[in-house]
$ cat model08.cif   # mmCIF, C-alpha atoms (C1' of nucleotides)
data_data
loop_
_atom_site.label_atom_id
_atom_site.label_comp_id
_atom_site.auth_asym_id
_atom_site.auth_seq_id
_atom_site.Cartn_x
_atom_site.Cartn_y
_atom_site.Cartn_z
CA MET N 71 0.00 0.00 0.00
CA PHE N 72 1.10 3.53 -0.74
CA SER N 73 -0.68 4.91 2.32
CA GLU N 74 2.40 4.44 4.54
CA ILE N 75 4.73 6.45 2.32
CA LEU N 76 2.14 9.19 1.81
CA THR N 77 1.64 9.44 5.57
CA HIS N 78 5.39 9.73 6.00
CA MET N 79 5.67 12.44 3.35
CA ARG N 80 2.81 14.43 4.87
CA LYS N 81 4.87 14.78 8.02
CA HIS N 82 7.41 16.84 6.08
CA ILE N 83 5.61 18.42 3.11
CA SER N 84 2.03 18.90 1.93
CA LEU N 85 0.74 17.36 -1.28
CA ASN N 86 -2.69 17.72 -2.86
CA ALA N 87 -4.71 14.81 -4.23
CA GLU N 88 -3.48 15.39 -7.75
CA GLU N 89 0.15 15.35 -6.67
CA GLU N 90 -0.33 12.22 -4.62
CA GLU N 91 -1.90 10.57 -7.61
CA LEU N 92 1.13 11.48 -9.77
CA LEU N 93 3.37 9.95 -7.13
CA THR N 94 1.52 6.67 -6.88
CA ARG N 95 1.51 6.43 -10.65
CA THR N 96 5.31 6.76 -10.78
CA LEU N 97 6.25 4.72 -7.72
CA GLU N 98 6.05 0.96 -7.64
CA LEU N 99 5.27 -1.53 -4.89
CA ARG N 100 7.44 -4.60 -4.64
CA ASP N 101 7.33 -7.65 -2.37
CA VAL N 102 10.64 -9.16 -1.33
CA LYS N 103 10.91 -12.59 0.22
CA LYS N 104 13.08 -13.21 3.27
CA LYS N 105 16.73 -13.43 2.11
CA GLY N 106 15.80 -11.84 -1.23
CA HIS N 107 18.20 -9.18 -2.52
CA LEU N 108 17.43 -5.67 -3.76
CA LEU N 109 21.09 -5.19 -4.66
CA ARG N 110 24.17 -7.41 -4.95
CA ALA N 111 27.84 -6.44 -5.04
CA GLY N 112 28.95 -5.90 -8.63
CA GLU N 113 25.56 -4.57 -9.73
CA VAL N 114 24.79 -0.90 -10.29
CA CYS N 115 22.21 0.43 -7.82
CA ARG N 116 19.39 2.05 -9.82
CA GLU N 117 16.67 2.43 -7.20
CA ASN N 118 15.87 3.94 -3.83
CA TYR N 119 13.62 1.98 -1.45
CA PHE N 120 11.08 3.03 1.15
CA ILE N 121 10.35 0.18 3.54
CA VAL N 122 6.59 -0.26 3.90
CA GLN N 123 6.79 -3.48 5.87
CA GLY N 124 9.69 -5.63 6.97
CA CYS N 125 13.36 -5.34 7.72
CA PHE N 126 16.51 -5.03 5.56
CA ARG N 127 20.25 -4.97 5.97
CA LEU N 128 22.94 -3.26 3.92
CA TYR N 129 26.13 -5.34 4.13
CA LEU N 130 29.27 -6.35 2.31
CA ILE N 131 31.65 -9.28 2.07
CA THR N 132 35.02 -8.41 3.57
CA ASP N 133 38.43 -9.43 2.23
CA LYS N 134 38.39 -12.26 4.76
CA GLY N 135 35.16 -13.55 3.29
CA THR N 136 32.90 -12.65 6.24
CA GLU N 137 29.75 -10.54 6.13
CA GLN N 138 29.85 -7.04 7.60
CA VAL N 139 26.50 -5.35 8.26
CA ILE N 140 26.78 -1.59 7.78
CA GLN N 141 23.17 -0.60 8.31
CA PHE N 142 19.71 -1.91 9.12
CA GLY N 143 16.44 -0.49 7.83
CA ILE N 144 12.91 -1.00 9.13
CA GLU N 145 9.44 0.41 8.40
CA ASN N 146 9.34 4.06 7.29
CA TRP N 147 13.05 4.30 6.48
CA TRP N 148 14.57 4.76 3.06
CA ILE N 149 17.41 2.45 2.14
CA THR N 150 19.72 2.48 -0.87
CA GLU N 151 23.40 2.61 -1.78
CA TYR N 152 23.87 6.26 -2.71
CA PHE N 153 27.41 6.01 -4.04
CA SER N 154 26.50 3.57 -6.78
CA LEU N 155 23.09 5.20 -7.33
CA LYS N 156 24.69 8.58 -7.98
CA THR N 157 27.87 7.62 -9.83
CA GLY N 158 26.51 4.67 -11.80
CA GLU N 159 29.51 2.60 -10.72
CA PRO N 160 29.04 -1.00 -9.56
CA SER N 161 28.34 -1.27 -5.86
CA ASN N 162 30.39 -3.12 -3.25
CA PHE N 163 27.34 -3.68 -1.10
CA TYR N 164 24.35 -5.99 -0.79
CA ILE N 165 20.84 -5.01 0.31
CA GLN N 166 18.87 -7.98 1.59
CA ALA N 167 15.49 -8.61 3.22
CA ILE N 168 15.74 -10.14 6.68
CA GLU N 169 11.99 -10.88 6.74
CA ASN N 170 9.31 -11.11 4.07
CA SER N 171 9.00 -7.42 3.24
CA GLN N 172 7.35 -4.83 1.05
CA VAL N 173 9.01 -1.71 -0.36
CA VAL N 174 8.07 1.31 -2.44
CA VAL N 175 10.53 1.64 -5.33
CA LEU N 176 11.73 4.99 -6.68
CA LYS N 177 13.70 4.32 -9.86
CA ARG N 178 16.62 6.56 -10.75
CA LYS N 179 15.31 6.95 -14.29
CA ASP N 180 12.06 8.46 -12.90
CA GLU N 181 13.76 10.59 -10.28
CA GLU N 182 14.58 13.63 -12.37
CA SER N 183 11.19 14.08 -13.98
CA LEU N 184 9.36 13.35 -10.73
CA PHE N 185 11.41 15.92 -8.84
CA ALA N 186 10.82 18.43 -11.65
CA GLN N 187 7.07 17.92 -11.40
CA LEU N 188 6.99 17.82 -7.59
CA PRO N 189 9.70 20.20 -6.37
CA GLN N 190 8.55 19.62 -2.82
CA LEU N 191 10.12 16.17 -3.01
CA GLU N 192 13.50 17.89 -2.98
CA LYS N 193 12.67 19.25 0.45
CA TYR N 194 11.30 15.92 1.61
CA PHE N 195 14.47 14.05 0.71
CA ARG N 196 16.66 16.81 2.04
CA LEU N 197 14.96 16.48 5.44
CA VAL N 198 15.13 12.68 5.36
CA LEU N 199 18.84 12.83 4.55
CA GLU N 200 19.58 15.40 7.26
CA LYS N 201 18.07 13.04 9.79
CA ALA N 202 19.90 10.01 8.43
CA TYR N 203 23.20 11.89 8.35
CA ALA N 204 22.79 13.05 11.96
CA ALA N 205 22.09 9.45 12.97
CA GLN N 206 25.31 8.30 11.26
CA LEU N 207 27.40 10.85 13.15
CA ASN N 208 25.91 9.64 16.39
CA ARG N 209 26.63 6.07 15.43
CA ILE N 210 30.30 6.84 14.78
CA HIS N 211 30.39 8.42 18.21
CA TYR N 212 29.06 5.22 19.80
CA ILE N 213 31.37 2.97 17.84
CA PHE N 214 34.40 4.77 19.22
CA ASN N 215 33.27 5.46 22.75
CA LEU N 216 31.33 2.41 23.82
CA THR N 217 32.70 -1.09 24.16
CA GLY N 218 30.94 -3.88 22.30
CA GLU N 219 29.20 -4.78 25.53
CA GLU N 220 27.95 -1.24 26.15
CA GLN N 221 26.69 -0.92 22.59
CA TYR N 222 24.86 -4.22 22.85
CA LYS N 223 23.19 -3.27 26.13
CA MET N 224 22.15 0.08 24.70
CA MET N 225 20.59 -1.58 21.65
CA ARG N 226 18.87 -4.17 23.81
CA ASP N 227 17.42 -1.58 26.21
CA LYS N 228 16.56 1.07 23.61
CA TYR N 229 15.28 -1.16 20.79
CA PRO N 230 14.35 -4.49 22.41
CA GLU N 231 11.87 -5.46 19.67
CA PHE N 232 14.52 -4.81 17.03
CA VAL N 233 17.15 -6.95 18.77
CA GLN N 234 14.60 -9.79 18.75
CA ARG N 235 13.92 -9.26 15.10
CA VAL N 236 17.36 -9.80 13.56
CA PRO N 237 19.66 -12.84 13.82
CA GLN N 238 22.44 -12.43 16.35
CA TYR N 239 25.25 -12.84 13.87
CA MET N 240 23.96 -9.88 11.88
CA LEU N 241 23.63 -7.73 14.98
CA ALA N 242 27.16 -8.73 16.03
CA THR N 243 28.88 -7.49 12.88
CA PHE N 244 26.71 -4.36 12.93
CA LEU N 245 28.12 -3.66 16.41
CA GLY N 246 31.64 -4.39 15.20
CA ILE N 247 32.12 -7.60 17.19
CA THR N 248 32.15 -11.28 16.32
CA PRO N 249 29.07 -13.48 16.77
CA GLU N 250 31.07 -15.56 19.26
CA PHE N 251 31.80 -12.58 21.45
CA LEU N 252 28.18 -11.39 21.36
CA SER N 253 27.12 -14.84 22.42
CA MET N 254 29.49 -14.60 25.39
CA LEU N 255 28.12 -11.18 26.35
CA ARG N 256 24.59 -12.54 26.40
CA ALA N 257 25.68 -15.43 28.61
CA ARG N 258 27.02 -13.03 31.27
CA LYS N 259 23.73 -12.21 33.02
CA ASP N 260 24.02 -8.39 32.80
CA MET U 39 34.77 35.79 -0.75
CA PHE U 40 31.51 34.32 -1.95
CA SER U 41 32.97 33.20 -5.27
CA GLU U 42 33.97 29.80 -3.86
CA ILE U 43 30.50 28.90 -2.65
CA LEU U 44 28.87 30.15 -5.86
CA THR U 45 31.28 28.05 -7.91
CA HIS U 46 30.41 25.04 -5.80
CA MET U 47 26.67 25.64 -6.21
CA ARG U 48 26.99 26.06 -9.97
CA LYS U 49 28.28 22.49 -10.14
CA HIS U 50 24.89 21.26 -8.95
CA ILE U 51 22.28 23.89 -9.88
CA SER U 52 22.07 27.01 -12.05
CA LEU U 53 21.41 30.42 -10.58
CA ASN U 54 20.98 33.72 -12.42
CA ALA U 55 22.67 36.96 -11.37
CA GLU U 56 19.64 38.11 -9.42
CA GLU U 57 19.44 34.89 -7.46
CA GLU U 58 23.13 34.95 -6.68
CA GLU U 59 22.74 38.48 -5.43
CA LEU U 60 19.92 37.40 -3.10
CA LEU U 61 22.15 34.65 -1.78
CA THR U 62 25.14 36.86 -1.05
CA ARG U 63 22.83 39.34 0.67
CA THR U 64 21.53 36.62 3.02
CA LEU U 65 24.74 34.68 3.62
CA GLU U 66 27.53 35.99 5.81
CA LEU U 67 31.29 35.64 5.68
CA ARG U 68 33.09 34.93 8.94
CA ASP U 69 36.76 34.58 9.81
CA VAL U 70 37.66 32.07 12.50
CA LYS U 71 41.05 32.02 14.16
CA LYS U 72 42.94 28.78 14.71
CA LYS U 73 41.38 27.01 17.72
CA GLY U 74 38.31 29.26 17.54
CA HIS U 75 34.97 27.51 18.00
CA LEU U 76 31.86 27.68 15.82
CA LEU U 77 29.97 25.51 18.32
CA ARG U 78 30.57 24.26 21.85
CA ALA U 79 28.88 21.42 23.73
CA GLY U 80 25.88 22.72 25.63
CA GLU U 81 25.08 25.36 23.00
CA VAL U 82 22.31 25.06 20.44
CA CYS U 83 23.63 24.88 16.88
CA ARG U 84 21.89 27.59 14.84
CA GLU U 85 24.05 27.75 11.71
CA ASN U 86 25.38 25.69 8.82
CA TYR U 87 28.91 26.44 7.58
CA PHE U 88 30.52 26.25 4.14
CA ILE U 89 34.30 26.18 4.46
CA VAL U 90 35.81 28.75 2.09
CA GLN U 91 39.34 28.42 3.41
CA GLY U 92 40.87 26.38 6.21
CA CYS U 93 40.18 23.23 8.15
CA PHE U 94 37.76 22.26 10.93
CA ARG U 95 37.02 19.34 13.18
CA LEU U 96 33.76 18.17 14.76
CA TYR U 97 34.56 16.49 18.07
CA LEU U 98 33.28 15.75 21.54
CA ILE U 99 34.59 15.19 25.03
CA THR U 100 34.10 11.59 26.11
CA ASP U 101 33.06 10.38 29.56
CA LYS U 102 36.73 9.73 30.27
CA GLY U 103 37.54 13.37 29.53
CA THR U 104 39.39 12.80 26.24
CA GLU U 105 38.64 14.39 22.89
CA GLN U 106 37.11 12.24 20.15
CA VAL U 107 37.18 13.63 16.60
CA ILE U 108 34.12 12.50 14.65
CA GLN U 109 34.69 14.39 11.42
CA PHE U 110 37.04 16.75 9.62
CA GLY U 111 36.04 19.41 7.10
CA ILE U 112 38.13 21.25 4.53
CA GLU U 113 37.55 23.68 1.66
CA ASN U 114 34.25 23.27 -0.21
CA TRP U 115 32.61 21.10 2.43
CA TRP U 116 29.65 22.03 4.59
CA ILE U 117 29.95 21.34 8.29
CA THR U 118 27.37 21.59 11.05
CA GLU U 119 25.73 19.54 13.78
CA TYR U 120 22.41 18.61 12.20
CA PHE U 121 20.82 17.02 15.24
CA SER U 122 20.98 20.19 17.31
CA LEU U 123 20.34 22.41 14.28
CA LYS U 124 17.11 20.58 13.48
CA THR U 125 15.75 19.81 16.97
CA GLY U 126 16.88 22.98 18.74
CA GLU U 127 18.31 20.86 21.54
CA PRO U 128 21.75 21.64 23.00
CA SER U 129 24.56 19.89 21.17
CA ASN U 130 27.05 17.40 22.60
CA PHE U 131 29.64 18.39 20.02
CA TYR U 132 32.26 21.04 19.36
CA ILE U 133 33.18 22.52 15.96
CA GLN U 134 36.62 24.06 15.98
CA ALA U 135 39.01 25.63 13.46
CA ILE U 136 42.31 23.76 13.14
CA GLU U 137 43.82 26.61 11.10
CA ASN U 138 42.92 30.25 10.59
CA SER U 139 39.86 29.81 8.43
CA GLN U 140 36.99 31.50 6.64
CA VAL U 141 33.42 30.20 6.39
CA VAL U 142 30.16 31.19 4.75
CA VAL U 143 27.41 31.17 7.36
CA LEU U 144 23.83 30.08 6.65
CA LYS U 145 21.71 30.88 9.69
CA ARG U 146 18.78 28.68 10.58
CA LYS U 147 16.52 31.70 10.95
CA ASP U 148 17.22 32.62 7.29
CA GLU U 149 16.96 29.08 5.97
CA GLU U 150 13.23 28.80 5.51
CA SER U 151 12.73 32.09 3.66
CA LEU U 152 15.85 31.57 1.56
CA PHE U 153 14.73 28.10 0.52
CA ALA U 154 11.26 29.47 -0.27
CA GLN U 155 12.76 32.13 -2.54
CA LEU U 156 15.34 29.82 -4.12
CA PRO U 157 13.76 26.36 -4.32
CA GLN U 158 16.79 25.13 -6.21
CA LEU U 159 18.71 25.26 -2.95
CA GLU U 160 16.65 22.29 -1.79
CA LYS U 161 18.15 20.30 -4.62
CA TYR U 162 21.64 21.62 -3.93
CA PHE U 163 21.55 20.55 -0.29
CA ARG U 164 19.90 17.26 -1.14
CA LEU U 165 22.80 16.45 -3.45
CA VAL U 166 25.40 17.62 -0.94
CA LEU U 167 23.81 15.45 1.75
CA GLU U 168 23.58 12.41 -0.50
CA LYS U 169 27.31 12.64 -1.07
CA ALA U 170 28.11 13.20 2.60
CA TYR U 171 25.88 10.30 3.62
CA ALA U 172 27.53 7.94 1.13
CA ALA U 173 30.94 8.97 2.48
CA GLN U 174 29.84 8.16 6.04
CA LEU U 175 28.71 4.66 5.05
CA ASN U 176 32.08 4.07 3.47
CA ARG U 177 33.79 5.34 6.59
CA ILE U 178 31.86 2.90 8.80
CA HIS U 179 32.97 0.16 6.45
CA TYR U 180 36.64 1.13 6.93
CA ILE U 181 36.31 1.48 10.69
CA PHE U 182 35.16 -2.11 10.99
CA ASN U 183 37.30 -3.78 8.36
CA LEU U 184 40.66 -2.09 8.59
CA THR U 185 42.95 -2.10 11.59
CA GLY U 186 44.20 1.23 12.91
CA GLU U 187 47.40 0.65 10.99
CA GLU U 188 45.64 -0.03 7.68
CA GLN U 189 43.40 3.02 8.08
CA TYR U 190 46.38 5.22 8.80
CA LYS U 191 48.30 3.97 5.77
CA MET U 192 45.26 4.50 3.57
CA MET U 193 44.84 8.07 4.80
CA ARG U 194 48.54 8.75 4.39
CA ASP U 195 48.64 7.38 0.84
CA LYS U 196 45.29 8.76 -0.33
CA TYR U 197 45.33 12.18 1.34
CA PRO U 198 48.99 12.94 2.15
CA GLU U 199 48.49 16.72 2.23
CA PHE U 200 45.62 16.31 4.68
CA VAL U 201 47.62 14.09 7.03
CA GLN U 202 50.27 16.82 7.10
CA ARG U 203 47.67 19.44 7.83
CA VAL U 204 46.17 18.18 11.08
CA PRO U 205 47.91 17.41 14.39
CA GLN U 206 48.59 13.74 14.93
CA TYR U 207 46.55 13.44 18.10
CA MET U 208 43.44 14.63 16.24
CA LEU U 209 44.04 12.20 13.39
CA ALA U 210 44.52 9.40 15.92
CA THR U 211 41.13 9.77 17.60
CA PHE U 212 39.48 10.22 14.19
CA LEU U 213 40.92 6.82 13.24
CA GLY U 214 39.72 5.34 16.53
CA ILE U 215 43.18 4.81 18.03
CA THR U 216 45.21 6.57 20.71
CA PRO U 217 47.88 9.16 19.84
CA GLU U 218 50.45 6.87 21.46
CA PHE U 219 49.57 3.97 19.21
CA LEU U 220 49.62 6.16 16.10
CA SER U 221 53.05 7.36 17.11
CA MET U 222 54.20 3.76 17.36
CA LEU U 223 52.76 2.96 13.90
CA ARG U 224 54.69 5.85 12.39
CA ALA U 225 57.89 4.62 14.03
CA ARG U 226 57.55 1.20 12.33
CA LYS U 227 58.97 2.08 8.91
CA ASP U 228 55.97 0.92 6.81
"C1'" DC E 266 63.93 32.13 26.25
"C1'" DG E 267 60.23 30.19 29.03
"C1'" DG E 268 56.01 27.72 28.91
"C1'" DT E 269 52.62 25.17 26.77
"C1'" DC E 270 51.37 22.11 23.33
"C1'" DT E 271 52.56 18.04 20.80
"C1'" DC E 272 54.93 13.76 19.91
"C1'" DT E 273 57.57 9.65 21.44
"C1'" DT E 274 58.85 5.45 24.18
"C1'" DG E 275 58.10 1.44 26.98
"C1'" DA E 276 55.90 -1.89 30.37
"C1'" DC E 277 51.78 -4.01 31.46
"C1'" DG E 278 46.93 -5.32 31.01
"C1'" DG E 279 42.45 -6.30 29.00
"C1'" DA E 280 38.85 -6.39 25.48
"C1'" DG E 281 37.87 -8.86 21.72
"C1'" DT E 282 39.59 -12.28 17.84
"C1'" DT E 283 40.45 -16.74 15.84
"C1'" DC E 284 39.80 -21.43 15.30
"C1'" DA E 285 37.59 -25.62 16.16
"C1'" DA E 286 33.88 -28.28 17.63
"C1'" DA E 287 29.54 -29.25 19.48
"C1'" DG E 288 24.63 -28.10 20.48
"C1'" DC E 289 20.43 -26.12 19.13
"C1'" DT E 290 16.40 -24.59 16.07
"C1'" DA E 291 13.48 -23.85 12.33
"C1'" DG E 292 12.18 -24.70 7.85
"C1'" DT E 293 11.50 -28.26 4.21
"C1'" DG E 294 10.16 -32.23 1.92
"C1'" DG E 295 8.53 -36.75 2.26
"C1'" DC K 184 3.42 -34.63 11.21
"C1'" DC K 185 7.87 -36.26 11.66
"C1'" DA K 186 12.84 -36.49 10.38
"C1'" DC K 187 16.47 -34.34 8.28
"C1'" DT K 188 19.40 -30.75 7.21
"C1'" DA K 189 21.28 -26.27 6.93
"C1'" DG K 190 21.75 -22.37 9.39
"C1'" DC K 191 22.43 -20.28 13.68
"C1'" DT K 192 24.30 -20.08 18.44
"C1'" DT K 193 27.26 -21.51 22.15
"C1'" DT K 194 31.75 -22.82 24.46
"C1'" DG K 195 36.55 -22.69 25.39
"C1'" DA K 196 41.64 -21.94 24.82
"C1'" DA K 197 45.33 -19.47 22.87
"C1'" DC K 198 46.60 -15.28 21.03
"C1'" DT K 199 46.85 -10.15 19.35
"C1'" DC K 200 45.96 -5.64 18.87
"C1'" DC K 201 45.66 -1.70 21.08
"C1'" DG K 202 44.72 0.99 25.51
"C1'" DT K 203 46.50 2.90 29.83
"C1'" DC K 204 49.75 5.13 32.51
"C1'" DA K 205 53.84 7.53 33.22
"C1'" DA K 206 57.73 10.02 31.89
"C1'" DG K 207 60.48 12.47 28.94
"C1'" DA K 208 61.85 14.92 24.52
"C1'" DG K 209 60.86 18.23 20.95
"C1'" DA K 210 58.70 22.09 18.86
"C1'" DC K 211 56.35 26.20 18.46
"C1'" DC K 212 54.71 30.79 19.97
"C1'" DG K 213 54.68 34.91 22.32
#

$ encode --input "model08.cif" --output "structure tokens"
Amino acid sequence: MFSEILTHMRKHISLNAEEEELLTRTLELRDVKKKGHLLRAGEVCRENYFIVQGCFRLYLITDKGTEQVIQFGIENWWITEYFSLKTGEPSNFYIQAIENSQVVVLKRKDEESLFAQLPQLEKYFRLVLEKAYAAQLNRIHYIFNLTGEEQYKMMRDKYPEFVQRVPQYMLATFLGITPEFLSMLRARKD
Amino acid sequence: MFSEILTHMRKHISLNAEEEELLTRTLELRDVKKKGHLLRAGEVCRENYFIVQGCFRLYLITDKGTEQVIQFGIENWWITEYFSLKTGEPSNFYIQAIENSQVVVLKRKDEESLFAQLPQLEKYFRLVLEKAYAAQLNRIHYIFNLTGEEQYKMMRDKYPEFVQRVPQYMLATFLGITPEFLSMLRARKD
DNA sequence: CGGTCTCTTGACGGAGTTCAAAGCTAGTGG
DNA sequence: CCACTAGCTTTGAACTCCGTCAAGAGACCG
């Protein structure tokens, strides 16, 4: 359903019925099965995704052959790989559904004309990006100043439903620790 | 001078003479001495800065009382603390000049009316933020997958002039290591 | 030329990794 | 609905990178 994305947009900008109709004509809904990929390393990223329902991860395969989760995305967040999307170069990252999910797809080829017709979208995405960028700075702060244990406890206390939702080995690499060490942390009763 | 920021904007959007004049009337030039602050922890961030000349760092004081650099900024980059700027809450961060510098100041109180008069600025900042956000994702990737030593060598080889430009103890905390350990790395000839 | 800021050196300690193996769980097909 | 399998989690021992603390040596600026 497009109602979720329209609700989200209305929090930042105002659109009339005609404009909303233009949007829903251009955007596309897509279902993604658990473990299905929206992007694989080596491919060029040509779309931006708004998560209607479900949960995704953006990750990569390191030189050592292990997976490193860089970012999670849940309902009402946009997720994409901007570097590849903007430059047209092949991406190093994967975007994968952790659960059966549904996204709204904004294709790069439609972006320019849609933004030209609905200039307010520029503001909407500017505001979304400001928020996402601020969150990244905060994250870097935590990475450097909290131990793995402290980060895990913070996640667990602040977003308990989220910690339940994703496999431990994905959460571990997101926190910058190994699955083995996270398992040990959980065993130590607080 | 405003010529630097106008040149930068012309790379992303087109402005006519009248629009550029409106911009330069609203924006402000400010000189900042080495070690001067644009923002201190506890203050509310009310401005966004385009670096015309010089070098800045965004940092914070950790619980242990040490400085942690989160981000550097040099010529033609915007730097601010978006969380405080957007929410109006006091910031936890400092923004400080590393050299004698000059910035263009965009005040929050002018932002709304300026964006209303020059809607193209929405696009300009959207594009700037997309690039900055992509760079942060890449940075998180390096933080997790390179050791302190590998990150230092990459910085040194990729941005040698920059490594020269900032004090070692600032570079160390930016890389997530202690100044002592960075000193040791430098002593090991490659 | 004096003081503050910055960089270096070294000994010790701890948080987290690596590797290997075993135990558990959930989805799948028969 | 059960059994099997692949994927996920746990455990433990040895090891490593990097932090902490403390002291001293340069270097820069007024």

$ residues_around --input "model08.cif" --residues "Leu191 (chain N)" --least-positions-apart "5" --cutoff "9 Å" --atoms "all atoms listed in the file" --output "ChimeraX atom specification"
/N:79,83,184-186,196

$ write_last_selection --input "model08.cif" --atoms "C-alpha atoms" --output "short mmCIF file (atom, residue, chain, number, x, y, z; two decimals), in the frame of the given file"
data_model
loop_
_atom_site.label_atom_id
_atom_site.label_comp_id
_atom_site.auth_asym_id
_atom_site.auth_seq_id
_atom_site.Cartn_x
_atom_site.Cartn_y
_atom_site.Cartn_z
CA MET N 79 5.67 12.44 3.35
CA ILE N 83 5.61 18.42 3.11
CA LEU N 184 9.36 13.35 -10.73
CA PHE N 185 11.41 15.92 -8.84
CA ALA N 186 10.82 18.43 -11.65
CA ARG N 196 16.66 16.81 2.04
#

$ closest_atom_pairs --input "model08.cif" --of "chain E" --to "chain U" --cutoff "12 Å" --atoms "all atoms listed in the file" --output "CSV"
residue,atom,partner,partner_atom,distance
E:DC270,C1',U:Pro205,CA,10.7
E:DT271,C1',U:Pro205,CA,7.9
E:DC272,C1',U:Ser221,CA,7.2
E:DT273,C1',U:Ser221,CA,6.7
E:DT274,C1',U:Met222,CA,8.4
E:DG275,C1',U:Met222,CA,10.6

$ interface_residues --input "model08.cif" --of "chain U" --to "chain N" --cutoff "7 Å" --atoms "only C-alpha atoms" --output "list in words"
Ile108, Tyr120, Phe121, Glu160, Lys161, Phe163, Arg164, Leu167, Glu168, Tyr171, Ala172, Gln174, Ile178, His179, Phe182 and Gly214 of chain U

$ resolve_selection --input "model08.cif" --expression "the PyMOL selection byres ((chain K) within 10 of (chain U))" --output "PyMOL selection string"
chain K and resi 200-203

$ closest_residue --input "model08.cif" --among "K:DA196, K:DA186, K:DC191, K:DC204" --to "DG294 (chain E)" --atoms "only C-alpha atoms (C1' of nucleotides)"
K:DA186

$ resolve_selection --input "model08.cif" --expression "the PyMOL selection byres ((chain E and resi 269) around 12)" --output "ChimeraX atom specification"
/E:267-268,270-271 /K:210-213

$ resolve_selection --input "model08.cif" --expression "the PyMOL selection byres ((chain N and resi 127) around 9)" --output "MDAnalysis selection string"
chainID N and resid 125:126 128:129 139:144 149 164:168 240

$ residues_around --input "model08.cif" --residues "region 193-196 of chain U" --least-positions-apart "4" --cutoff "12 Å" --atoms "all atoms listed in the file" --output "count of residues only"
20

$ atom_distance --input "model08.cif" --atom1 "CA of Ile121 (chain N)" --atom2 "CA of Trp148 (chain N)"
6.2 Å

$ atom_distance --input "model08.cif" --atom1 "CA of Thr136 (chain N)" --atom2 "CA of Gly124 (chain N)"
24.3 Å

$ atom_distance --input "model08.cif" --atom1 "CA of Leu77 (chain U)" --atom2 "CA of Glu137 (chain U)"
15.7 Å

$ closest_residue --input "model08.cif" --among "U:Glu113, U:Glu127, U:Glu66, U:Glu59" --to "Gly80 (chain U)" --atoms "all atoms listed in the file"
U:Glu127

$ residues_around --input "model08.cif" --residues "DA285 (chain E)" --least-positions-apart "5" --cutoff "12 Å" --atoms "only C-alpha atoms (C1' of nucleotides)" --output "list of chain:residue names"
K:DT194, K:DG195, K:DA196, K:DA197
